[in-house]
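Peer 1: Sharing final-v4.txt (compact mmCIF, C-alpha atoms and all ligand atoms) below.
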# COMPACT_ATOMS: atom_id res chain seq x y z
CA MET A 1 83.59 96.69 83.82
CA ASN A 2 85.96 95.99 86.72
CA LYS A 3 87.74 99.36 87.05
CA LEU A 4 86.05 102.24 88.88
CA THR A 5 87.96 105.52 88.54
CA THR A 6 85.16 108.12 88.39
CA VAL A 7 81.37 108.32 88.66
CA GLU A 8 81.35 110.21 85.35
CA LYS A 9 82.09 106.92 83.55
CA LEU A 10 79.08 105.15 85.08
CA ASP A 11 75.54 105.24 83.73
CA LYS A 12 72.29 105.41 85.69
CA LYS A 13 71.69 101.66 85.34
CA GLN A 14 75.09 100.80 86.84
CA ILE A 15 74.53 103.19 89.76
CA GLU A 16 71.08 101.68 90.39
CA GLY A 17 72.74 98.23 90.28
CA PHE A 18 75.22 99.28 93.01
CA PHE A 19 72.39 100.68 95.16
CA SER A 20 70.29 97.56 94.77
CA GLU A 21 73.24 95.29 95.67
CA ALA A 22 74.01 97.50 98.69
CA LEU A 23 70.40 97.11 99.90
CA ASN A 24 70.65 93.31 99.55
CA ILE A 25 73.92 93.32 101.49
CA GLU A 26 72.42 95.50 104.24
CA LYS A 27 69.62 92.93 104.68
CA THR A 28 72.01 90.01 105.11
CA TRP A 29 75.00 91.72 106.79
CA PRO A 30 77.26 90.22 108.13
CA ASN A 31 76.26 86.85 106.62
CA LEU A 32 77.27 87.57 103.05
CA LYS A 33 77.79 85.19 100.14
CA LYS A 34 81.53 84.47 100.11
CA ILE A 35 82.16 85.62 96.55
CA GLY A 36 85.72 86.62 97.53
CA GLU A 37 86.82 83.13 98.58
CA ASN A 38 90.38 82.37 97.33
CA LYS A 39 90.68 85.92 96.03
CA THR A 40 92.92 88.70 97.35
CA ILE A 41 92.30 92.43 97.53
CA CYS A 42 95.11 94.86 98.33
CA LEU A 43 94.37 98.13 100.13
CA PHE A 44 96.90 100.48 98.53
CA PHE A 45 96.57 103.69 100.56
CA TRP A 46 99.18 106.42 100.07
CA GLU A 47 97.26 108.91 102.20
CA PRO A 48 95.59 108.62 105.62
CA SER A 49 92.04 107.28 105.82
CA THR A 50 89.74 105.95 108.51
CA ARG A 51 86.28 105.27 107.06
CA THR A 52 87.18 104.45 103.44
CA LYS A 53 90.01 102.06 104.25
CA LEU A 54 88.31 100.33 107.18
CA SER A 55 84.97 99.98 105.40
CA PHE A 56 86.66 98.42 102.37
CA GLU A 57 88.60 96.07 104.68
CA HIS A 58 85.50 95.15 106.67
CA ALA A 59 83.39 94.68 103.51
CA ALA A 60 86.07 92.63 101.73
CA LYS A 61 86.57 90.33 104.73
CA ALA A 62 82.81 89.82 105.10
CA LEU A 63 82.75 88.74 101.43
CA GLY A 64 85.50 86.19 102.09
CA PHE A 65 88.43 88.01 100.44
CA ASN A 66 91.98 87.83 101.76
CA VAL A 67 92.98 91.42 102.44
CA LEU A 68 96.54 92.75 102.07
CA ASP A 69 97.27 96.08 103.73
CA PHE A 70 99.97 98.01 101.88
CA SER A 71 101.37 100.92 103.84
CA PRO A 72 103.98 103.10 102.02
CA SER A 73 105.69 104.13 105.26
CA LEU A 74 106.41 100.46 106.13
CA SER A 75 107.22 99.34 102.59
CA SER A 76 110.23 99.32 100.25
CA VAL A 77 109.00 102.68 98.93
CA GLN A 78 111.13 103.94 101.84
CA LYS A 79 114.17 102.37 100.10
CA GLY A 80 113.42 104.21 96.85
CA GLU A 81 111.13 101.75 95.03
CA SER A 82 108.86 103.48 92.49
CA LEU A 83 105.06 103.30 92.46
CA GLU A 84 105.15 101.39 89.17
CA ASP A 85 107.62 98.78 90.50
CA THR A 86 105.52 98.49 93.67
CA LEU A 87 102.46 97.89 91.52
CA ASN A 88 104.25 95.23 89.44
CA THR A 89 105.35 93.53 92.68
CA LEU A 90 101.73 93.35 93.85
CA ILE A 91 100.62 91.95 90.49
CA SER A 92 103.32 89.25 90.79
CA LEU A 93 101.93 88.45 94.24
CA LYS A 94 98.72 87.47 92.41
CA ILE A 95 96.32 90.07 93.76
CA ASP A 96 92.83 90.02 92.26
CA GLY A 97 91.96 93.58 93.16
CA LEU A 98 93.46 96.90 94.19
CA VAL A 99 91.75 99.70 96.12
CA MET A 100 93.88 102.82 95.92
CA ARG A 101 94.04 106.23 97.58
CA HIS A 102 96.72 108.65 96.42
CA PRO A 103 97.38 112.42 96.71
CA GLU A 104 98.03 112.89 92.95
CA ASN A 105 95.18 114.20 90.77
CA LYS A 106 93.90 111.69 88.20
CA ILE A 107 96.55 109.06 89.02
CA SER A 108 93.69 106.54 89.17
CA GLU A 109 93.40 106.74 85.36
CA GLN A 110 97.09 105.80 84.93
CA ILE A 111 96.93 102.98 87.47
CA ALA A 112 93.79 101.52 85.90
CA LYS A 113 95.67 101.32 82.58
CA LEU A 114 98.77 99.74 84.13
CA LEU A 115 96.84 96.90 85.77
CA PRO A 116 96.06 93.65 83.90
CA LYS A 117 92.49 93.55 82.60
CA GLU A 118 91.41 90.83 85.05
CA VAL A 119 92.50 92.81 88.15
CA LEU A 120 89.70 94.83 89.79
CA PHE A 121 90.53 98.45 90.55
CA ILE A 122 88.68 100.98 92.70
CA ASN A 123 89.75 104.60 93.15
CA ALA A 124 89.40 105.42 96.86
CA GLY A 125 90.29 109.09 96.29
CA ASP A 126 92.97 110.69 94.10
CA GLY A 127 94.00 114.29 94.80
CA ASN A 128 90.99 116.55 94.35
CA HIS A 129 89.94 114.65 91.21
CA ALA A 130 87.48 111.98 92.37
CA HIS A 131 86.26 109.85 95.26
CA PRO A 132 83.64 107.72 93.51
CA THR A 133 82.67 105.40 96.35
CA GLN A 134 82.12 108.37 98.71
CA GLY A 135 80.00 110.21 96.13
CA LEU A 136 78.01 107.04 95.49
CA LEU A 137 77.49 106.21 99.17
CA ASP A 138 76.23 109.76 99.76
CA ALA A 139 73.81 109.50 96.83
CA PHE A 140 72.77 106.06 98.17
CA THR A 141 72.12 107.61 101.62
CA ILE A 142 69.97 110.32 100.03
CA SER A 143 68.08 107.71 97.97
CA LYS A 144 67.08 105.84 101.14
CA LEU A 145 65.28 108.95 102.43
CA LYS A 146 63.93 110.60 99.29
CA ASN A 147 63.62 110.04 95.55
CA ILE A 148 66.87 111.52 94.25
CA SER A 149 65.02 113.18 91.38
CA ASP A 150 62.92 115.13 93.93
CA ALA A 151 65.70 115.88 96.43
CA LYS A 152 66.81 119.45 97.04
CA VAL A 153 70.47 119.45 98.03
CA ALA A 154 72.59 122.32 99.37
CA ILE A 155 76.38 121.93 99.47
CA ILE A 156 78.37 124.30 101.69
CA GLY A 157 82.09 124.83 102.16
CA ASP A 158 85.34 124.02 100.40
CA VAL A 159 84.11 122.68 97.06
CA LYS A 160 87.32 123.74 95.30
CA HIS A 161 89.61 121.25 97.09
CA SER A 162 87.04 118.49 97.42
CA ARG A 163 87.40 115.22 95.53
CA VAL A 164 84.02 114.09 96.82
CA ILE A 165 81.95 116.85 95.21
CA PRO A 166 82.75 116.05 91.55
CA SER A 167 81.75 112.43 92.29
CA LEU A 168 78.62 113.30 94.29
CA PHE A 169 77.52 115.98 91.80
CA SER A 170 77.93 113.58 88.90
CA GLY A 171 76.14 110.75 90.75
CA LEU A 172 73.18 112.94 91.70
CA LYS A 173 72.89 114.33 88.16
CA LYS A 174 72.97 110.84 86.65
CA MET A 175 70.14 109.92 89.04
CA ASP A 176 68.17 112.93 87.69
CA CYS A 177 68.64 115.29 90.63
CA THR A 178 68.08 118.82 89.30
CA GLN A 179 68.03 120.85 92.52
CA ILE A 180 71.61 121.25 93.75
CA GLU A 181 72.95 124.59 95.00
CA PHE A 182 76.36 125.62 96.33
CA PHE A 183 77.00 127.94 99.28
CA GLY A 184 80.26 129.43 100.50
CA PRO A 185 82.91 132.03 99.74
CA LYS A 186 83.69 132.66 96.08
CA GLU A 187 87.33 131.58 96.51
CA LEU A 188 86.20 128.09 97.60
CA ILE A 189 83.59 127.43 94.90
CA PRO A 190 84.82 127.17 91.29
CA SER A 191 82.61 129.06 88.81
CA ASN A 192 81.47 125.86 87.05
CA PHE A 193 79.53 124.83 90.19
CA THR A 194 76.23 126.65 89.75
CA PRO A 195 73.98 128.04 91.04
CA GLN A 196 76.19 129.30 93.85
CA LYS A 197 75.41 131.78 96.62
CA ASN A 198 78.33 133.49 98.28
CA ASP A 199 76.26 135.37 100.87
CA ILE A 200 74.21 133.57 103.47
CA THR A 201 70.88 135.35 103.61
CA GLU A 202 67.84 134.89 105.87
CA ASN A 203 65.77 131.79 104.94
CA CYS A 204 68.16 130.90 102.08
CA LEU A 205 68.03 127.17 102.97
CA GLU A 206 64.28 126.95 103.47
CA GLY A 207 62.84 123.91 101.64
CA PHE A 208 66.16 122.13 101.14
CA ASP A 209 66.11 118.44 102.14
CA PHE A 210 69.84 117.95 102.65
CA LEU A 211 72.72 120.21 103.71
CA TYR A 212 76.04 118.64 102.73
CA VAL A 213 78.85 120.24 104.75
CA LEU A 214 82.48 120.18 103.64
CA ARG A 215 85.68 120.47 105.66
CA ILE A 216 88.29 123.10 104.73
CA GLN A 217 90.79 120.79 103.04
CA ASN A 218 93.97 122.60 104.11
CA GLU A 219 96.19 119.77 102.89
CA ARG A 220 95.20 120.55 99.27
CA PHE A 221 95.65 124.34 99.38
CA LEU A 222 98.38 125.59 97.03
CA GLU A 223 101.13 127.83 98.45
CA ASP A 224 99.50 131.03 97.16
CA GLU A 225 96.03 130.09 98.45
CA ASN A 226 94.89 131.14 101.87
CA LEU A 227 91.64 131.58 103.71
CA ASP A 228 90.63 133.85 106.57
CA LEU A 229 89.42 131.06 108.84
CA GLN A 230 87.82 133.31 111.47
CA ASN A 231 85.87 135.07 108.75
CA TYR A 232 84.80 131.70 107.30
CA ILE A 233 83.59 130.50 110.70
CA LYS A 234 81.69 133.75 111.28
CA ASN A 235 79.86 133.58 107.94
CA TYR A 236 79.58 129.92 106.97
CA GLN A 237 79.97 127.68 110.04
CA VAL A 238 76.94 125.40 110.33
CA ASN A 239 75.83 125.98 113.92
CA ASP A 240 72.44 126.30 115.65
CA LYS A 241 72.19 130.02 114.92
CA PHE A 242 73.05 129.41 111.23
CA LEU A 243 70.30 126.77 110.94
CA GLU A 244 67.76 129.11 112.51
CA PHE A 245 68.79 132.09 110.35
CA THR A 246 68.75 130.08 107.11
CA ASN A 247 65.57 128.22 108.15
CA PHE A 248 67.11 124.84 107.30
CA ASP A 249 65.11 121.91 108.62
CA GLY A 250 66.43 118.95 106.62
CA LYS A 251 69.17 116.38 107.14
CA ILE A 252 72.80 117.28 107.77
CA MET A 253 75.44 115.35 105.83
CA HIS A 254 79.26 115.41 105.87
CA PRO A 255 81.69 113.01 104.16
CA GLY A 256 84.05 113.12 107.15
CA PRO A 257 86.42 113.61 108.74
CA VAL A 258 84.69 116.47 110.58
CA ASN A 259 86.75 119.34 112.00
CA LEU A 260 84.49 120.15 114.93
CA ASP A 261 83.86 123.85 115.58
CA TYR A 262 85.32 124.87 112.22
CA GLU A 263 82.86 124.03 109.39
CA ILE A 264 80.24 122.58 111.78
CA THR A 265 79.66 122.59 115.54
CA LYS A 266 79.52 119.49 117.71
CA SER A 267 75.92 120.26 118.59
CA VAL A 268 74.82 120.20 114.92
CA SER A 269 77.06 117.27 114.00
CA ASN A 270 75.53 115.21 116.84
CA SER A 271 71.96 116.47 116.42
CA ASN A 272 68.94 114.32 115.56
CA ASN A 273 68.95 115.73 112.02
CA SER A 274 72.54 114.62 111.41
CA ILE A 275 72.91 111.52 109.22
CA ILE A 276 76.72 111.64 109.17
CA LEU A 277 77.09 108.23 110.84
CA ASP A 278 74.40 106.75 108.57
CA GLN A 279 76.64 107.77 105.67
CA VAL A 280 79.50 105.79 107.24
CA GLU A 281 77.28 102.72 107.73
CA ASN A 282 75.89 102.96 104.19
CA GLY A 283 79.49 103.14 102.95
CA LEU A 284 80.06 99.65 104.30
CA TYR A 285 77.12 98.16 102.37
CA LEU A 286 77.78 100.17 99.22
CA ARG A 287 81.47 99.24 99.10
CA ALA A 288 80.61 95.58 99.68
CA GLY A 289 78.07 95.90 96.85
CA ILE A 290 80.61 97.44 94.50
CA LEU A 291 83.22 94.77 95.32
CA SER A 292 80.62 92.06 94.68
CA LEU A 293 79.62 93.45 91.31
CA LEU A 294 83.12 94.29 90.05
CA ILE A 295 84.90 91.06 90.98
CA ASP A 296 84.91 88.33 88.33
N1 LIG B 301 85.38 110.55 103.63
C1 LIG B 301 86.58 109.92 103.65
O1 LIG B 301 87.17 109.65 102.60
O2 LIG B 301 87.04 109.65 104.90
P1 LIG B 301 88.43 108.95 105.23
O3 LIG B 301 89.53 109.90 104.79
O4 LIG B 301 88.43 108.72 106.72
O5 LIG B 301 88.50 107.67 104.46
Can I see the file as structure tokens?
Ligand code: CP

Peer 2:
Amino acid sequence: MNKLTTVEKLDKKQIEGFFSEALNIEKTWPNLKKIGENKTICLFFWEPSTRTKLSFEHAAKALGFNVLDFSPSLSSVQKGESLEDTLNTLISLKIDGLVMRHPENKISEQIAKLLPKEVLFINAGDGNHAHPTQGLLDAFTISKLKNISDAKVAIIGDVKHSRVIPSLFSGLKKMDCTQIEFFGPKELIPSNFTPQKNDITENCLEGFDFLYVLRIQNERFLEDENLDLQNYIKNYQVNDKFLEFTNFDGKIMHPGPVNLDYEITKSVSNSNNSIILDQVENGLYLRAGILSLLID
């Protein structure tokens, strides 16, 4: 297996293999075995990114890969070249791997099929379909603090437009997590994500180990979708008063980027219980681990 499009296609053993490799990499970082020597990875990002793109670049370079940075706005895409022709151009340039982010739902499945079998492919987020390495790094972060099968995880916010949640949900389930609950307004949580609670009641987060907060992903709202932001902030913003009212005393997670003072306040995001920056750091090790295991 050298193509990673979704977590759904992985089994528990493969996920455990990624986690174990990430732990080995963490121990030896930045002195990693140069398994990428004489190999080239292209970062093929059609949407903005900070942590995913830079952690892949940093991880790939630490493993000895050459890294090509494709940027659509500075490429011949601006002269009308199609995605498929761009892809064929990269293949002719003898890349060994492609890490792609794209706004179109499920495009990762098409790209994986278009690439030659020997070329590694990693989906770094496609539309609101999947973001497997984010879901896996979040599950990895949880696993470092608690047995995933015993972890009680609350997810709050814009699940509907999130590409991370399908990947995280699938990863946690495959690792035998049975206690996952969703919180937020009905219009932001599709009915297949259960159990869900649309009203925040006193002590409703008591006993949960992790609260995973999601940004309102405005860029993926359809034209006929809208949200009363002030109402959302009043009812669902994770702030000090919210934590006291819900009696939540676990760790705060967020995939980033954070929109401070919308879904979460600065004081909670920067608090001692926040592990948001640990998630970013774990992403570096996990992505290096995945690159190591998927490259030939
Ligand atoms: N979580 C995440 O994908 O962040 P970036 O958009 O900064 O890569």

Peer 1: Atom CA of Thr141 of chain A and atom CA of Ser20 of chain A are how many Å apart?

Peer 2: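 A separation of 12.3 Å between them.
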
Peer 1: Distance limit 7 Å, reference ligand LIG 301 (chain B), atoms considered: all atoms listed in the file. Which residues make the cut? Give them as a ChimeraX atom specification.

Peer 2: /A:48-53,134,255-257

Peer 1: Write a file of the just-selected residues containing C-alpha atoms, as a compact mmCIF listing (two decimals), in the coordinates of the input.

Peer 2:
# COMPACT_ATOMS: atom_id res chain seq x y z
CA PRO A 48 95.59 108.62 105.62
CA SER A 49 92.04 107.28 105.82
CA THR A 50 89.74 105.95 108.51
CA ARG A 51 86.28 105.27 107.06
CA THR A 52 87.18 104.45 103.44
CA LYS A 53 90.01 102.06 104.25
CA GLN A 134 82.12 108.37 98.71
CA PRO A 255 81.69 113.01 104.16
CA GLY A 256 84.05 113.12 107.15
CA PRO A 257 86.42 113.61 108.74

Peer 1: Which polymer residues have any atom within 8 Å of an atom of Met100 of chain A, counting all atoms listed in the file, with same-chain residues fewer than 6 positions away left out, as an MDAnalysis selection string?

Peer 2: chainID A and resid 43:46 108 121:125

Peer 1: Which neighbours of Cys177 of chain A fall inside 10 Å, counting only C-alpha atoms, when residues of the same chain fewer than 4 positions from it are skipped, and could you give them as a list in words?

Peer 2: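 Skipping anything fewer than 4 positions along the chain leaves Ala139, Asn147, Ile148, Ser149, Asp150, Ala151, Lys152, Val153, Phe169, Ser170, Gly171, Leu172 and Lys173 of chain A.
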
Peer 1: Identify, on the basis of all atoms listed in the file, every residue whose closest approach to Ile290 of chain A does not exceed 8 Å; exclude the query and any residue fewer than 6 positions from it along the same chain; express the result as a JSON list (two decimals) with C-alpha atoms, in the frame of the given file.

Peer 2:
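Generated output (out.json):
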[["chain", "number", "residue", "atom", "x", "y", "z"],
["A", 18, "PHE", "CA", 75.22, 99.28, 93.01],
["A", 21, "GLU", "CA", 73.24, 95.29, 95.67],
["A", 22, "ALA", "CA", 74.01, 97.50, 98.69]]

Peer 1: From the set A:Leu188, A:Phe242, A:Pro116, A:Ile216, which residue has the shortest atom-to-atom contact distance to Thr201 of chain A, counting only C-alpha atoms?

Peer 2: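 Looking only at the distances to Thr201 of chain A, the closest residue turns out to be A:Phe242.
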
Peer 1: Rounded to one decimal place, report the atom CA of Val268 of chain A-atom CA of Cys204 of chain A distance in Å.

Peer 2: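 Answer for the atom CA of Val268 of chain A to atom CA of Cys204 of chain A separation: 18.0 Å.
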
Peer 1: Calculated over all atoms listed in the file, which of the candidates A:Pro185, A:Gly97, A:Gly36, A:Pro132 has the smallest distance to Lys61 of chain A?

Peer 2: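 Looking only at the distances to Lys61 of chain A, the closest residue turns out to be A:Gly36.
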
Peer 1: So, with only C-alpha atoms as the atoms that count, which of A:Pro103, A:Pro72, A:Gly157, A:Pro30 lies closest to Tyr236 of chain A?

Peer 2: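 When distances to Tyr236 of chain A are compared using only C-alpha atoms, the smallest one comes from A:Gly157.
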
Peer 1: Distance atom CA of Val99 of chain A-atom CA of Ile155 of chain A, one decimal place?

Peer 2: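 Here the two named atoms are 27.2 Å from each other.
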
Peer 1: Excluding same-chain residues fewer than 5 positions from Ile15 of chain A, what lies within 9 Å of it counting only C-alpha atoms, as a list in words?

Peer 2: Val7, Leu10, Ser20, Leu136, Gly171, Lys174 and Met175 of chain A

Peer 1: Of the candidates A:Leu168, A:Leu68, A:Ala154, A:Leu23, which one gets nearest to Leu90 of chain A if we count only C-alpha atoms?

Peer 2: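 Looking at the shortest contact to Leu90 of chain A, the residue is A:Leu68.
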
Peer 1: Here's a test: counting all atoms listed in the file, identify every protein, DNA and RNA residue with an atom at most 6 Å from (76.3, 129.4, 98.4) in the file's coordinate frame, and state them as a compact mmCIF listing (two decimals) with C-alpha atoms, in the frame of the given file.

Peer 2:
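Written file, selection-v3.txt:
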# COMPACT_ATOMS: atom_id res chain seq x y z
CA PHE A 182 76.36 125.62 96.33
CA PHE A 183 77.00 127.94 99.28
CA GLY A 184 80.26 129.43 100.50
CA GLN A 196 76.19 129.30 93.85
CA LYS A 197 75.41 131.78 96.62
CA ASN A 198 78.33 133.49 98.28

Peer 1: Smallest atom-to-atom distance to His161 of chain A: which of A:Trp29, A:Phe245, A:Phe221, A:Phe19, using all atoms listed in the file?

Peer 2: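 Distance minimum relative to His161 of chain A lands on A:Phe221.
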
Peer 1: Please provide as an NGL selection string all residues within 12 Å of Leu98 of chain A, with the sequence filter that same-chain residues fewer than 6 positions apart are discarded (counting only C-alpha atoms).

Peer 2: :A and (2-5 or 39-45 or 53 or 56-57 or 60 or 65-70 or 87-88 or 90-91 or 108 or 111-112 or 114-116 or 118-124 or 291 or 294-295)

Peer 1: So, counting only C-alpha atoms, which residue among A:Asp126, A:Asn38, A:Pro166, A:Ile25 is closest to Ile95 of chain A?

Peer 2: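 Of the candidates, the smallest distance to Ile95 of chain A is held by A:Asn38.
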